[in-house]
Amino acid sequence: MSAPEAGGVFHRARGRTLDAFPEEKEREWKGPFYFIQGADPQFGLMKAWSIGDCDKGGDEWGQEIRLTEQAVLAINKLSPKPKFFVLCGDLIHAMPGTPWRKEQTDDLQRVLRDVDGDIPLVFVSGNHDIGNVPTPESIEEFRQTWGDDYFSFWVGGVLFLVLNSQFFYDASRCPALKQAQDQWLDEQLSLAGEQKCQHAIVFQHIPLFLQHIEEDDDYFNFSKSIRQELADKFTKAGGVPGTLFVGPSLTSLGTWTQGLEAQQPWTAEQKERRSLGLPKPLSGCSNPGRPTCILFMRCQSCVLRPLPQECWWHLPEPRHGGVLCHRMPAGQRHPWAPSRRGHC
């Protein structure tokens, strides 16, 4: 990360990289490590969802503040510490140009300021951060507030790529910016093959698909043509083992050298739970009113996998059916409540 700007809260990704991890020191594999993936703190959603007005109803976010504060406390107690904490988009609920946006941003930054300084924060843009149809202005606002909208960094021999997935959804108002990311991504995937990185990991907000690549187009996935184009791009990335992580459902879409597929497809029972707004256990969350989840991933020499289930603790939140997952030190339980996740 670059140095904090005057009056700013965070180091921000600049120049398409995150210099919290010097590349010359991080390019080589040094052994297993883990990181935390979260998504959609989305300050303002809970009130908006509860009154059935996702466009204008997000004028309160006190509960999101309390729950995020509890999550930060839990993260800070981890030992050993994770390498970093990535938030995969929808940081706040207010869309660009709508009321409460600055206030939600200020409160989220205030809460996240308390994350242990030795745990770098990685921010991914979501549709609520830059708009369903992003513009040069909305993307510049994100860059000034949270850092670059796409960038890469190395940690322990693993190449991490952060993408702006709204470009794949609808870039009609910023085609040149999408073209620049496309070119950059091709270069990064080529570099991954040339440098023979141990693993390549992509973070973005929108999933390519929810269950399988041939599923119908939906609000929560890409169109078939786009998802196939991206899947082909990833699977041809020089034979590098790679995994794609997305925001709203905190799903991993598998190792692309073997073909992308949802790691944990929904069963019939889970689909029913989803329709009722109940969480899918552990690493996935229901559709409307999903909570912010925290997923712990361990990078090993040849595989990326969640930490063992016995290291996790999850607790339903009665009102919103949320679940927050967290790795606990052996034999310990820290007092904290579940957070929320939603997307509308």
# chains A, B, ... in the order shown; residues from 1 in each chain; ligands from 1
>>> select_by_dssp(residues="segment 45-123 of chain A", states="helix (DSSP H, G or I)", output="PyMOL selection string")
chain A and resi 45-50+62-76+101-112
>>> closest_atom_pairs(of="segment 24-103 of chain A", to="segment 156-177 of chain A", cutoff="8 Å", atoms="only C-alpha atoms", output="CSV")
residue,atom,partner,partner_atom,distance
A:Glu26,CA,A:Gly156,CA,4.8
A:Arg27,CA,A:Gly157,CA,4.4
A:Glu28,CA,A:Gly157,CA,4.2
A:Trp29,CA,A:Gly157,CA,4.1
A:Lys30,CA,A:Gly156,CA,5.6
A:Gly31,CA,A:Gly156,CA,7.3
A:Phe33,CA,A:Gly156,CA,7.9
>>> closest_residue(among="A:Gly89, A:Gly242, A:Gly97, A:Gly62", to="Tyr150 of chain A", atoms="only C-alpha atoms")
A:Gly89
>>> atom_distance(atom1="atom CA of Phe123 of chain A", atom2="atom CA of Asp90 of chain A")
9.8 Å
>>> select_by_dssp(residues="segment 72-274 of chain A", states="strand (DSSP E or B)", output="ChimeraX atom specification")
/A:85-88,92,121-124,147,151-155,158-162,199-203,242-245,252-255
>>> atom_distance(atom1="atom CA of His128 of chain A", atom2="atom CA of His93 of chain A")
5.7 Å
>>> residues_around(residues="segment 12-23 of chain A", least_positions_apart="6", cutoff="10 Å", atoms="only C-alpha atoms", output="PyMOL selection string")
chain A and resi 1-5+83-84+118-123+143-157+159-162+184
>>> closest_residue(among="A:Phe245, A:Pro32, A:Glu141, A:Glu215", to="Lys102 of chain A", atoms="only C-alpha atoms")
A:Glu141
>>> closest_residue(among="A:Lys25, A:Asp116, A:Asn132, A:Asp53", to="Ala74 of chain A", atoms="only C-alpha atoms")
A:Asp116
>>> atom_distance(atom1="atom CA of Gln228 of chain A", atom2="atom CA of Gln179 of chain A")
17.6 Å
